[in-house]
>>> print(open('final20.json').read())   # JSON, C-alpha atoms (C1' of nucleotides)
[["chain", "number", "residue", "atom", "x", "y", "z"],
["A", 66, "MET", "CA", -24.71, 4.34, 15.84],
["A", 67, "GLY", "CA", -24.54, 7.91, 14.69],
["A", 68, "THR", "CA", -22.58, 11.13, 14.90],
["A", 69, "ILE", "CA", -23.99, 14.41, 16.04],
["A", 70, "ASP", "CA", -23.60, 17.40, 13.79],
["A", 71, "ILE", "CA", -23.28, 21.09, 14.59],
["A", 72, "ASP", "CA", -26.99, 21.54, 15.07],
["A", 73, "GLY", "CA", -27.21, 18.56, 17.37],
["A", 74, "ASN", "CA", -28.97, 16.33, 14.85],
["A", 75, "ILE", "CA", -28.18, 12.68, 14.78],
["A", 76, "GLN", "CA", -26.56, 11.73, 11.50],
["A", 77, "GLU", "CA", -27.25, 8.18, 10.53],
["A", 78, "ALA", "CA", -24.68, 7.04, 8.07],
["A", 79, "THR", "CA", -25.66, 4.90, 5.13],
["A", 80, "CYS", "CA", -23.78, 1.73, 4.40],
["A", 81, "LYS", "CA", -21.82, 3.41, 1.65],
["A", 82, "GLN", "CA", -20.93, 6.34, 3.87],
["A", 83, "GLU", "CA", -19.68, 3.94, 6.48],
["A", 84, "LEU", "CA", -17.43, 2.26, 3.96],
["A", 85, "THR", "CA", -16.08, 5.57, 2.79],
["A", 86, "ALA", "CA", -15.48, 6.55, 6.39],
["A", 87, "MET", "CA", -13.55, 3.37, 7.05],
["A", 88, "ARG", "CA", -11.42, 3.88, 3.95],
["A", 89, "ASP", "CA", -10.81, 7.49, 4.93],
["A", 90, "SER", "CA", -9.53, 6.35, 8.29],
["A", 91, "LEU", "CA", -7.23, 3.77, 6.80],
["A", 92, "GLU", "CA", -5.95, 6.23, 4.24],
["A", 93, "ILE", "CA", -5.29, 9.00, 6.76],
["A", 94, "LEU", "CA", -3.85, 6.83, 9.51],
["A", 95, "GLY", "CA", -2.62, 3.92, 7.48],
["A", 96, "GLY", "CA", 0.79, 4.76, 6.08],
["A", 97, "LYS", "CA", 3.86, 3.01, 7.36],
["A", 98, "TRP", "CA", 4.81, 5.77, 9.79],
["A", 99, "LYS", "CA", 1.72, 7.84, 10.58],
["A", 100, "LEU", "CA", 0.34, 6.10, 13.64],
["A", 101, "MET", "CA", 3.86, 5.56, 14.85],
["A", 102, "LEU", "CA", 4.56, 9.28, 14.61],
["A", 103, "LEU", "CA", 1.35, 10.15, 16.39],
["A", 104, "ARG", "CA", 2.20, 7.83, 19.23],
["A", 105, "TYR", "CA", 5.75, 9.12, 19.31],
["A", 106, "LEU", "CA", 4.63, 12.72, 19.61],
["A", 107, "SER", "CA", 1.86, 11.87, 22.05],
["A", 108, "ASN", "CA", 4.36, 10.27, 24.38],
["A", 109, "ARG", "CA", 6.66, 13.28, 24.21],
["A", 110, "LEU", "CA", 4.34, 16.17, 24.88],
["A", 111, "GLU", "CA", 6.88, 17.89, 27.15],
["A", 112, "GLU", "CA", 9.77, 17.64, 24.74],
["A", 113, "LYS", "CA", 10.73, 19.81, 21.83],
["A", 114, "ASN", "CA", 10.34, 17.46, 18.93],
["A", 115, "THR", "CA", 12.27, 18.80, 15.98],
["A", 116, "PHE", "CA", 12.62, 17.25, 12.56],
["A", 117, "LYS", "CA", 16.12, 15.97, 13.13],
["A", 118, "LYS", "CA", 15.38, 14.69, 16.59],
["A", 119, "ILE", "CA", 12.47, 12.66, 15.31],
["A", 120, "GLN", "CA", 14.49, 11.33, 12.43],
["A", 121, "ARG", "CA", 17.36, 10.37, 14.72],
["A", 122, "GLU", "CA", 15.13, 8.58, 17.17],
["A", 123, "ILE", "CA", 12.94, 6.64, 14.78],
["A", 124, "GLU", "CA", 15.16, 4.13, 13.09],
["A", 125, "GLY", "CA", 14.66, 3.48, 9.42],
["A", 126, "LEU", "CA", 12.71, 6.67, 8.83],
["A", 127, "SER", "CA", 14.18, 8.69, 5.97],
["A", 128, "ALA", "CA", 13.99, 12.46, 5.63],
["A", 129, "LYS", "CA", 11.76, 12.15, 2.62],
["A", 130, "MET", "CA", 9.22, 9.92, 4.32],
["A", 131, "LEU", "CA", 9.31, 11.94, 7.51],
["A", 132, "ALA", "CA", 8.63, 15.17, 5.63],
["A", 133, "LYS", "CA", 5.78, 13.58, 3.73],
["A", 134, "GLU", "CA", 4.12, 11.95, 6.70],
["A", 135, "LEU", "CA", 4.39, 15.11, 8.79],
["A", 136, "LYS", "CA", 2.82, 17.10, 5.96],
["A", 137, "ASP", "CA", -0.07, 14.68, 5.70],
["A", 138, "LEU", "CA", -0.67, 14.67, 9.43],
["A", 139, "GLU", "CA", -0.60, 18.43, 9.53],
["A", 140, "LEU", "CA", -3.08, 18.71, 6.67],
["A", 141, "ASN", "CA", -5.43, 16.56, 8.69],
["A", 142, "LEU", "CA", -5.02, 18.80, 11.73],
["A", 143, "LEU", "CA", -3.52, 16.00, 13.77],
["A", 144, "ILE", "CA", -0.21, 17.73, 14.40],
["A", 145, "SER", "CA", 1.04, 21.31, 14.33],
["A", 146, "ARG", "CA", 4.24, 22.67, 12.83],
["A", 147, "SER", "CA", 6.01, 25.75, 14.10],
["A", 148, "VAL", "CA", 9.22, 27.30, 12.88],
["A", 149, "ILE", "CA", 11.43, 28.59, 15.65],
["A", 150, "ASN", "CA", 13.93, 31.39, 15.14],
["A", 151, "THR", "CA", 17.02, 29.62, 16.36],
["A", 152, "LYS", "CA", 20.19, 29.57, 14.31],
["A", 153, "PRO", "CA", 20.02, 27.42, 12.39],
["A", 154, "VAL", "CA", 16.24, 27.38, 12.39],
["A", 155, "THR", "CA", 14.50, 24.50, 14.03],
["A", 156, "VAL", "CA", 10.97, 23.30, 13.43],
["A", 157, "GLU", "CA", 8.88, 21.87, 16.19],
["A", 158, "TYR", "CA", 6.13, 19.35, 15.74],
["A", 159, "LYS", "CA", 3.37, 18.70, 18.27],
["A", 160, "VAL", "CA", 0.25, 16.61, 18.40],
["A", 161, "THR", "CA", -2.81, 18.79, 18.47],
["A", 162, "SER", "CA", -5.46, 18.15, 21.08],
["A", 163, "TYR", "CA", -7.60, 16.88, 18.23],
["A", 164, "GLY", "CA", -4.80, 14.52, 17.24],
["A", 165, "LEU", "CA", -4.77, 13.04, 20.71],
["A", 166, "ASN", "CA", -8.15, 11.52, 19.91],
["A", 167, "VAL", "CA", -6.43, 9.06, 17.63],
["A", 168, "LEU", "CA", -4.52, 7.48, 20.48],
["A", 169, "PRO", "CA", -7.28, 5.14, 21.70],
["A", 170, "LEU", "CA", -7.65, 3.83, 18.18],
["A", 171, "ALA", "CA", -3.91, 3.27, 17.92],
["A", 172, "GLU", "CA", -3.87, 1.47, 21.25],
["A", 173, "ASN", "CA", -6.71, -0.75, 20.09],
["A", 174, "LEU", "CA", -4.63, -1.73, 17.11],
["A", 175, "VAL", "CA", -1.64, -2.43, 19.32],
["A", 176, "GLN", "CA", -3.75, -4.54, 21.62],
["A", 177, "TRP", "CA", -5.41, -6.45, 18.82],
["A", 178, "GLY", "CA", -2.04, -7.16, 17.25],
["A", 179, "LEU", "CA", -0.65, -8.48, 20.52],
["A", 180, "ASP", "CA", -3.72, -10.61, 21.18],
["A", 181, "HIS", "CA", -3.73, -11.89, 17.65],
["A", 182, "ARG", "CA", -0.12, -12.98, 17.80],
["A", 183, "ALA", "CA", -0.95, -14.94, 20.93],
["A", 184, "GLN", "CA", -3.99, -16.42, 19.23],
["A", 185, "ILE", "CA", -2.10, -17.52, 16.14],
["A", 186, "LYS", "CA", 0.60, -19.23, 18.21],
["A", 187, "ARG", "CA", -1.86, -21.81, 19.52],
["B", 13, "MET", "CA", -1.41, -1.94, 29.36],
["B", 14, "GLY", "CA", -0.71, -5.63, 28.95],
["B", 15, "THR", "CA", -2.11, -8.87, 27.65],
["B", 16, "ILE", "CA", -2.54, -11.98, 29.70],
["B", 17, "ASP", "CA", -1.02, -15.19, 28.44],
["B", 18, "ILE", "CA", -2.11, -18.79, 28.90],
["B", 19, "ASP", "CA", -0.64, -19.06, 32.35],
["B", 20, "GLY", "CA", -2.27, -15.87, 33.50],
["B", 21, "ASN", "CA", 0.92, -13.87, 33.48],
["B", 22, "ILE", "CA", 0.84, -10.27, 32.52],
["B", 23, "GLN", "CA", 2.82, -9.65, 29.38],
["B", 24, "GLU", "CA", 4.18, -6.17, 29.22],
["B", 25, "ALA", "CA", 5.03, -5.34, 25.67],
["B", 26, "THR", "CA", 8.14, -3.38, 24.85],
["B", 27, "CYS", "CA", 7.94, -0.34, 22.65],
["B", 28, "LYS", "CA", 9.22, -2.31, 19.69],
["B", 29, "GLN", "CA", 6.75, -5.10, 20.26],
["B", 30, "GLU", "CA", 3.96, -2.57, 20.35],
["B", 31, "LEU", "CA", 5.05, -1.18, 17.01],
["B", 32, "THR", "CA", 5.23, -4.62, 15.50],
["B", 33, "ALA", "CA", 1.81, -5.35, 16.88],
["B", 34, "MET", "CA", 0.39, -2.21, 15.32],
["B", 35, "ARG", "CA", 1.93, -3.06, 11.97],
["B", 36, "ASP", "CA", 0.63, -6.60, 12.22],
["B", 37, "SER", "CA", -2.86, -5.26, 12.72],
["B", 38, "LEU", "CA", -2.63, -2.92, 9.79],
["B", 39, "GLU", "CA", -1.20, -5.62, 7.60],
["B", 40, "ILE", "CA", -3.82, -8.20, 8.52],
["B", 41, "LEU", "CA", -6.83, -5.89, 8.49],
["B", 42, "GLY", "CA", -5.60, -3.18, 6.22],
["B", 43, "GLY", "CA", -6.15, -4.31, 2.64],
["B", 44, "LYS", "CA", -8.72, -2.62, 0.49],
["B", 45, "TRP", "CA", -11.39, -5.24, 1.09],
["B", 46, "LYS", "CA", -10.60, -7.08, 4.31],
["B", 47, "LEU", "CA", -12.48, -5.06, 6.88],
["B", 48, "MET", "CA", -15.27, -4.60, 4.42],
["B", 49, "LEU", "CA", -15.54, -8.35, 3.97],
["B", 50, "LEU", "CA", -15.50, -8.94, 7.70],
["B", 51, "ARG", "CA", -18.30, -6.46, 8.21],
["B", 52, "TYR", "CA", -20.19, -7.92, 5.28],
["B", 53, "LEU", "CA", -20.02, -11.43, 6.67],
["B", 54, "SER", "CA", -20.72, -10.28, 10.21],
["B", 55, "ASN", "CA", -23.94, -8.63, 9.09],
["B", 56, "ARG", "CA", -25.06, -11.77, 7.26],
["B", 57, "LEU", "CA", -24.57, -14.50, 9.82],
["B", 58, "GLU", "CA", -27.85, -16.16, 8.87],
["B", 59, "GLU", "CA", -27.23, -16.22, 5.15],
["B", 60, "LYS", "CA", -25.28, -18.65, 3.04],
["B", 61, "ASN", "CA", -22.49, -16.48, 1.76],
["B", 62, "THR", "CA", -20.96, -18.13, -1.27],
["B", 63, "PHE", "CA", -18.09, -16.87, -3.38],
["B", 64, "LYS", "CA", -20.30, -15.73, -6.23],
["B", 65, "LYS", "CA", -22.88, -14.15, -3.96],
["B", 66, "ILE", "CA", -20.24, -12.08, -2.24],
["B", 67, "GLN", "CA", -18.72, -11.06, -5.53],
["B", 68, "ARG", "CA", -22.09, -10.10, -6.95],
["B", 69, "GLU", "CA", -23.04, -8.02, -3.95],
["B", 70, "ILE", "CA", -19.80, -6.14, -3.42],
["B", 71, "GLU", "CA", -19.37, -3.88, -6.37],
["B", 72, "GLY", "CA", -15.93, -3.50, -7.82],
["B", 73, "LEU", "CA", -14.55, -6.60, -6.17],
["B", 74, "SER", "CA", -12.90, -8.90, -8.70],
["B", 75, "ALA", "CA", -12.64, -12.68, -8.39],
["B", 76, "LYS", "CA", -8.91, -12.44, -7.96],
["B", 77, "MET", "CA", -9.04, -9.97, -5.11],
["B", 78, "LEU", "CA", -11.91, -11.76, -3.44],
["B", 79, "ALA", "CA", -10.06, -15.07, -3.55],
["B", 80, "LYS", "CA", -6.92, -13.49, -2.17],
["B", 81, "GLU", "CA", -8.61, -11.57, 0.62],
["B", 82, "LEU", "CA", -10.66, -14.58, 1.67],
["B", 83, "LYS", "CA", -7.51, -16.70, 1.79],
["B", 84, "ASP", "CA", -5.73, -14.14, 3.94],
["B", 85, "LEU", "CA", -8.64, -13.84, 6.33],
["B", 86, "GLU", "CA", -8.92, -17.60, 6.60],
["B", 87, "LEU", "CA", -5.21, -17.96, 7.33],
["B", 88, "ASN", "CA", -5.70, -15.57, 10.21],
["B", 89, "LEU", "CA", -8.61, -17.60, 11.54],
["B", 90, "LEU", "CA", -11.01, -14.73, 11.04],
["B", 91, "ILE", "CA", -13.30, -16.57, 8.63],
["B", 92, "SER", "CA", -14.00, -20.18, 7.79],
["B", 93, "ARG", "CA", -14.35, -21.80, 4.38],
["B", 94, "SER", "CA", -16.47, -24.85, 3.75],
["B", 95, "VAL", "CA", -17.05, -26.65, 0.48],
["B", 96, "ILE", "CA", -20.61, -27.84, 0.06],
["B", 97, "ASN", "CA", -21.54, -30.81, -2.13],
["B", 98, "THR", "CA", -24.09, -29.12, -4.31],
["B", 99, "LYS", "CA", -23.94, -29.39, -8.08],
["B", 100, "PRO", "CA", -22.13, -27.34, -9.07],
["B", 101, "VAL", "CA", -20.20, -27.12, -5.83],
["B", 102, "THR", "CA", -20.61, -24.02, -3.72],
["B", 103, "VAL", "CA", -18.27, -22.72, -1.08],
["B", 104, "GLU", "CA", -19.56, -20.98, 1.99],
["B", 105, "TYR", "CA", -17.67, -18.38, 3.96],
["B", 106, "LYS", "CA", -18.48, -17.42, 7.55],
["B", 107, "VAL", "CA", -16.94, -15.18, 10.14],
["B", 108, "THR", "CA", -15.54, -17.20, 12.99],
["B", 109, "SER", "CA", -16.43, -16.25, 16.54],
["B", 110, "TYR", "CA", -12.86, -15.08, 16.84],
["B", 111, "GLY", "CA", -13.31, -12.94, 13.75],
["B", 112, "LEU", "CA", -16.27, -11.21, 15.35],
["B", 113, "ASN", "CA", -13.82, -9.61, 17.76],
["B", 114, "VAL", "CA", -12.60, -7.41, 14.96],
["B", 115, "LEU", "CA", -15.96, -5.70, 14.60],
["B", 116, "PRO", "CA", -15.52, -3.14, 17.40],
["B", 117, "LEU", "CA", -12.22, -2.10, 15.87],
["B", 118, "ALA", "CA", -13.86, -1.72, 12.48],
["B", 119, "GLU", "CA", -16.67, 0.33, 13.98],
["B", 120, "ASN", "CA", -14.13, 2.58, 15.66],
["B", 121, "LEU", "CA", -12.56, 3.23, 12.30],
["B", 122, "VAL", "CA", -15.95, 3.98, 10.79],
["B", 123, "GLN", "CA", -16.78, 6.35, 13.60],
["B", 124, "TRP", "CA", -13.43, 8.09, 13.48],
["B", 125, "GLY", "CA", -13.75, 8.53, 9.72],
["B", 126, "LEU", "CA", -17.22, 10.06, 10.08],
["B", 127, "ASP", "CA", -16.14, 12.37, 12.88],
["B", 128, "HIS", "CA", -13.04, 13.38, 11.02],
["B", 129, "ARG", "CA", -14.95, 14.31, 7.90],
["B", 130, "ALA", "CA", -17.13, 16.54, 10.04],
["B", 131, "GLN", "CA", -14.06, 18.02, 11.71],
["B", 132, "ILE", "CA", -12.31, 18.81, 8.44],
["B", 133, "LYS", "CA", -15.37, 20.55, 7.02],
["B", 134, "ARG", "CA", -15.18, 23.33, 9.59],
["C", 36, "DG", "C1'", -23.19, -30.33, -28.08],
["C", 37, "DT", "C1'", -23.13, -26.08, -26.32],
["C", 38, "DA", "C1'", -24.15, -22.45, -23.26],
["C", 39, "DA", "C1'", -24.28, -21.19, -18.51],
["C", 40, "DC", "C1'", -23.09, -21.55, -13.52],
["C", 41, "DC", "C1'", -19.68, -22.28, -9.82],
["C", 42, "DG", "C1'", -15.08, -21.43, -7.72],
["C", 43, "DG", "C1'", -11.40, -20.19, -8.68],
["C", 44, "DT", "C1'", -6.13, -19.45, -11.25],
["C", 45, "DA", "C1'", -2.46, -17.32, -14.30],
["C", 46, "DA", "C1'", -0.34, -13.75, -16.92],
["C", 47, "DC", "C1'", 0.08, -9.15, -17.64],
["C", 48, "DT", "C1'", -0.33, -4.19, -16.63],
["C", 49, "DT", "C1'", -0.72, -0.11, -13.92],
["C", 50, "DA", "C1'", -0.51, 2.88, -9.86],
["C", 51, "DA", "C1'", 1.09, 3.85, -5.49],
["C", 52, "DA", "C1'", 4.21, 3.32, -1.68],
["C", 53, "DG", "C1'", 8.53, 3.32, -0.05],
["C", 54, "DG", "C1'", 13.77, 3.61, 0.17],
["C", 55, "DA", "C1'", 18.87, 5.49, -0.81],
["C", 56, "DA", "C1'", 21.66, 8.98, -1.83],
["C", 57, "DA", "C1'", 22.75, 13.31, -3.32],
["C", 58, "DC", "C1'", 21.57, 18.04, -3.21],
["C", 59, "DT", "C1'", 19.76, 22.90, -1.69],
["C", 60, "DA", "C1'", 19.82, 26.93, 1.42],
["C", 61, "DT", "C1'", 20.95, 29.42, 5.60],
["C", 62, "DC", "C1'", 23.64, 30.33, 9.41],
["C", 63, "DA", "C1'", 27.64, 29.43, 12.85],
["C", 64, "DT", "C1'", 31.89, 27.96, 14.38],
["C", 65, "DA", "C1'", 36.81, 26.78, 13.96],
["D", 65, "DT", "C1'", 37.78, 28.98, 3.86],
["D", 66, "DA", "C1'", 36.08, 24.71, 5.25],
["D", 67, "DT", "C1'", 33.01, 22.05, 8.32],
["D", 68, "DG", "C1'", 28.86, 21.05, 10.50],
["D", 69, "DA", "C1'", 24.20, 21.87, 11.98],
["D", 70, "DT", "C1'", 19.01, 22.29, 10.67],
["D", 71, "DA", "C1'", 15.11, 21.29, 7.49],
["D", 72, "DG", "C1'", 13.97, 19.76, 4.08],
["D", 73, "DT", "C1'", 13.78, 18.56, -1.65],
["D", 74, "DT", "C1'", 14.97, 15.96, -5.74],
["D", 75, "DT", "C1'", 16.11, 12.07, -8.44],
["D", 76, "DC", "C1'", 16.24, 7.48, -9.33],
["D", 77, "DC", "C1'", 15.04, 2.99, -8.22],
["D", 78, "DT", "C1'", 12.55, -1.19, -6.20],
["D", 79, "DT", "C1'", 8.67, -3.20, -4.18],
["D", 80, "DT", "C1'", 3.96, -3.87, -3.33],
["D", 81, "DA", "C1'", -1.05, -3.44, -4.08],
["D", 82, "DA", "C1'", -4.46, -3.69, -7.09],
["D", 83, "DG", "C1'", -6.99, -4.12, -11.50],
["D", 84, "DT", "C1'", -7.88, -6.61, -16.33],
["D", 85, "DT", "C1'", -8.43, -10.12, -19.12],
["D", 86, "DA", "C1'", -8.54, -14.59, -20.27],
["D", 87, "DC", "C1'", -8.90, -19.09, -18.98],
["D", 88, "DC", "C1'", -9.63, -24.00, -16.43],
["D", 89, "DG", "C1'", -12.33, -28.10, -14.70],
["D", 90, "DG", "C1'", -16.54, -29.83, -13.34],
["D", 91, "DT", "C1'", -21.69, -29.90, -13.75],
["D", 92, "DT", "C1'", -26.23, -29.19, -15.47],
["D", 93, "DA", "C1'", -29.99, -27.38, -18.23],
["D", 94, "DC", "C1'", -31.43, -26.55, -22.93]]
>>> encode(input="final20.json", output="structure tokens")
Amino acid sequence: MGTIDIDGNIQEATCKQELTAMRDSLEILGGKWKLMLLRYLSNRLEEKNTFKKIQREIEGLSAKMLAKELKDLELNLLISRSVINTKPVTVEYKVTSYGLNVLPLAENLVQWGLDHRAQIKR
Amino acid sequence: MGTIDIDGNIQEATCKQELTAMRDSLEILGGKWKLMLLRYLSNRLEEKNTFKKIQREIEGLSAKMLAKELKDLELNLLISRSVINTKPVTVEYKVTSYGLNVLPLAENLVQWGLDHRAQIKR
DNA sequence: GTAACCGGTAACTTAAAGGAAACTATCATA
DNA sequence: TATGATAGTTTCCTTTAAGTTACCGGTTAC
């Protein structure tokens, strides 16, 4: 196992680095709404996903949480935010192409959760 | 996408079920120590991993948290607990074969975390 | 008899996450 | 002038996750 850096060198991660990496992942993707938002936006690439639209369509998601989660995702380059000059202004959120890379991971979690529920039932 | 149940039927999951599944996964695997413990035990299949040994070797992990995380993992059939009649008694924890299935998911998280750190640096 | 080892538990504290409701500011329509 | 839309922010509150310290019962070695 190893990543490849800019110069093409294999980067073997130490045990501690691996742990940090895992915690990073859980911290960045792990909130209550983050993966959900990424999946939501990934499944609506052709639509104009504004703040209010997202909030209306995801039940239970408050403005405060939505604003925070969107900010976090943007900071991590997973989504983009663009202000559009309509009146009143609208703001559109999109998954970045980099953000699309998270999807397989999210689907793995979905699948594991489904399998696990079946497993526990036995 | 779909799981296969006992009778071989394809189970298509609704959107809501998928979300629940994802949250289940994060809840079951998402604590501060759970995935770390699973990886720890998975890498030490040949050793006798007792409570104290684990606590000694994982720095920062208190008895309380260790006991709690082990209980949670056991409830979810991911590890097994067996009391051994030594004096004083020791308790051995092992990953179950079912628990081993979590490893790929954990490695994905590790890999994503490493890649992401590289990505953010640019 | 007392100190140390094992596998925990209980009580308390702190830090972070999350939720509800009200509020801001700008513009448009009725 | 009042109402409603968009995109948030602010305040207050509750819940949850996690850490700290002290302790228990049983056993053995000194």
>>> calpha_fit_and_write(input="final20.json", fixed="chain A", moving="chain B", output="tab-separated table (two decimals) with C-alpha atoms, keeping the file's coordinate frame")
chain	number	residue	atom	x	y	z
B	13	MET	CA	-24.75	4.27	15.65
B	14	GLY	CA	-24.58	7.88	14.56
B	15	THR	CA	-22.60	11.07	14.88
B	16	ILE	CA	-24.00	14.34	16.04
B	17	ASP	CA	-23.54	17.38	13.86
B	18	ILE	CA	-23.22	21.05	14.76
B	19	ASP	CA	-26.92	21.52	15.20
B	20	GLY	CA	-27.24	18.50	17.42
B	21	ASN	CA	-28.92	16.38	14.81
B	22	ILE	CA	-28.22	12.72	14.67
B	23	GLN	CA	-26.54	11.78	11.44
B	24	GLU	CA	-27.25	8.24	10.44
B	25	ALA	CA	-24.66	7.10	7.99
B	26	THR	CA	-25.61	4.96	5.05
B	27	CYS	CA	-23.76	1.77	4.35
B	28	LYS	CA	-21.76	3.45	1.61
B	29	GLN	CA	-20.88	6.37	3.82
B	30	GLU	CA	-19.66	3.97	6.46
B	31	LEU	CA	-17.40	2.29	3.95
B	32	THR	CA	-16.03	5.59	2.78
B	33	ALA	CA	-15.46	6.56	6.37
B	34	MET	CA	-13.54	3.37	7.04
B	35	ARG	CA	-11.39	3.90	3.97
B	36	ASP	CA	-10.79	7.50	4.95
B	37	SER	CA	-9.52	6.34	8.31
B	38	LEU	CA	-7.22	3.78	6.82
B	39	GLU	CA	-5.93	6.24	4.29
B	40	ILE	CA	-5.28	8.99	6.82
B	41	LEU	CA	-3.84	6.81	9.57
B	42	GLY	CA	-2.63	3.88	7.58
B	43	GLY	CA	0.79	4.75	6.17
B	44	LYS	CA	3.86	3.01	7.44
B	45	TRP	CA	4.81	5.77	9.84
B	46	LYS	CA	1.72	7.82	10.64
B	47	LEU	CA	0.36	6.09	13.70
B	48	MET	CA	3.87	5.56	14.91
B	49	LEU	CA	4.57	9.27	14.63
B	50	LEU	CA	1.36	10.14	16.42
B	51	ARG	CA	2.22	7.83	19.28
B	52	TYR	CA	5.77	9.13	19.33
B	53	LEU	CA	4.65	12.73	19.62
B	54	SER	CA	1.90	11.89	22.08
B	55	ASN	CA	4.41	10.29	24.42
B	56	ARG	CA	6.70	13.32	24.23
B	57	LEU	CA	4.37	16.22	24.89
B	58	GLU	CA	6.92	17.94	27.12
B	59	GLU	CA	9.82	17.68	24.71
B	60	LYS	CA	10.76	19.86	21.79
B	61	ASN	CA	10.36	17.48	18.91
B	62	THR	CA	12.27	18.83	15.95
B	63	PHE	CA	12.59	17.29	12.51
B	64	LYS	CA	16.11	16.02	13.07
B	65	LYS	CA	15.38	14.73	16.55
B	66	ILE	CA	12.47	12.70	15.29
B	67	GLN	CA	14.49	11.36	12.41
B	68	ARG	CA	17.37	10.43	14.68
B	69	GLU	CA	15.17	8.63	17.15
B	70	ILE	CA	12.99	6.67	14.77
B	71	GLU	CA	15.21	4.17	13.09
B	72	GLY	CA	14.70	3.54	9.42
B	73	LEU	CA	12.73	6.70	8.83
B	74	SER	CA	14.18	8.72	5.97
B	75	ALA	CA	13.96	12.50	5.61
B	76	LYS	CA	11.69	12.14	2.63
B	77	MET	CA	9.19	9.91	4.36
B	78	LEU	CA	9.28	11.94	7.53
B	79	ALA	CA	8.59	15.15	5.64
B	80	LYS	CA	5.75	13.55	3.74
B	81	GLU	CA	4.11	11.93	6.74
B	82	LEU	CA	4.38	15.09	8.81
B	83	LYS	CA	2.78	17.08	5.99
B	84	ASP	CA	-0.09	14.63	5.73
B	85	LEU	CA	-0.70	14.63	9.45
B	86	GLU	CA	-0.61	18.41	9.55
B	87	LEU	CA	-3.10	18.67	6.69
B	88	ASN	CA	-5.44	16.54	8.73
B	89	LEU	CA	-5.03	18.78	11.76
B	90	LEU	CA	-3.52	15.98	13.79
B	91	ILE	CA	-0.20	17.72	14.42
B	92	SER	CA	1.05	21.28	14.33
B	93	ARG	CA	4.24	22.65	12.80
B	94	SER	CA	5.99	25.73	14.09
B	95	VAL	CA	9.19	27.29	12.81
B	96	ILE	CA	11.40	28.59	15.58
B	97	ASN	CA	13.89	31.42	15.07
B	98	THR	CA	16.98	29.67	16.30
B	99	LYS	CA	20.17	29.64	14.26
B	100	PRO	CA	20.01	27.44	12.36
B	101	VAL	CA	16.24	27.40	12.33
B	102	THR	CA	14.48	24.49	13.98
B	103	VAL	CA	10.96	23.30	13.38
B	104	GLU	CA	8.89	21.86	16.16
B	105	TYR	CA	6.12	19.35	15.71
B	106	LYS	CA	3.39	18.70	18.28
B	107	VAL	CA	0.27	16.61	18.42
B	108	THR	CA	-2.80	18.78	18.49
B	109	SER	CA	-5.45	18.15	21.11
B	110	TYR	CA	-7.57	16.86	18.27
B	111	GLY	CA	-4.77	14.51	17.27
B	112	LEU	CA	-4.74	13.03	20.75
B	113	ASN	CA	-8.13	11.52	19.96
B	114	VAL	CA	-6.43	9.06	17.67
B	115	LEU	CA	-4.50	7.47	20.52
B	116	PRO	CA	-7.26	5.12	21.73
B	117	LEU	CA	-7.65	3.83	18.20
B	118	ALA	CA	-3.92	3.25	17.94
B	119	GLU	CA	-3.89	1.45	21.27
B	120	ASN	CA	-6.72	-0.77	20.09
B	121	LEU	CA	-4.65	-1.74	17.10
B	122	VAL	CA	-1.67	-2.47	19.33
B	123	GLN	CA	-3.78	-4.58	21.63
B	124	TRP	CA	-5.45	-6.46	18.81
B	125	GLY	CA	-2.07	-7.17	17.23
B	126	LEU	CA	-0.70	-8.53	20.52
B	127	ASP	CA	-3.76	-10.66	21.17
B	128	HIS	CA	-3.77	-11.93	17.64
B	129	ARG	CA	-0.16	-13.02	17.79
B	130	ALA	CA	-1.01	-14.99	20.91
B	131	GLN	CA	-4.07	-16.46	19.21
B	132	ILE	CA	-2.17	-17.57	16.12
B	133	LYS	CA	0.52	-19.29	18.18
B	134	ARG	CA	-1.92	-21.87	19.51
>>> axis_aligned_box(input="final20.json", around="stretch 36-52 of chain C", padding_each_side="3 Å", output="lines of an AutoDock Vina configuration file")
center_x = -10.0
center_y = -13.2
center_z = -14.9
size_x = 34.5
size_y = 40.2
size_z = 32.4
>>> interface_residues(input="final20.json", of="chain B", to="chain D", cutoff="9 Å", atoms="all atoms listed in the file", output="list in words")
Gly43, Lys44, Ser74, Met77, Lys99, Pro100 and Val101 of chain B
>>> residues_near_point(input="final20.json", point="(-5.8, -7.2, 18.4)", cutoff="12 Å", atoms="only C-alpha atoms (C1' of nucleotides)", output="PyMOL selection string")
(chain A and resi 170-185) or (chain B and resi 14-15+30+32-41+88+90+110-118)
>>> interface_residues(input="final20.json", of="chain C", to="chain A", cutoff="10 Å", atoms="all atoms listed in the file", output="PyMOL selection string")
chain C and resi 52-55+61-63
>>> atom_distance(input="final20.json", atom1="atom CA of A:Leu102", atom2="atom CA of A:Lys118")
12.3 Å
>>> atom_distance(input="final20.json", atom1="atom CA of B:Leu53", atom2="atom C1' of C:DC41")
19.7 Å
>>> closest_residue(input="final20.json", among="B:Ile66, B:Ala79, B:Leu87, B:Val103", to="chain A", atoms="all atoms listed in the file")
B:Leu87
>>> residues_around(input="final20.json", residues="A:Glu157", least_positions_apart="5", cutoff="10 Å", atoms="all atoms listed in the file", output="MDAnalysis selection string")
chainID A and resid 112:119 145:149
>>> atom_distance(input="final20.json", atom1="atom CA of B:Lys46", atom2="atom CA of B:Glu81")
6.1 Å
>>> closest_residue(input="final20.json", among="B:Arg134, B:Leu82, B:Ser54, B:Thr102", to="chain A", atoms="only C-alpha atoms")
B:Arg134
>>> closest_residue(input="final20.json", among="A:Asn150, A:Gln120, A:Gln82, A:Ser162", to="chain B", atoms="all atoms listed in the file")
A:Gln82
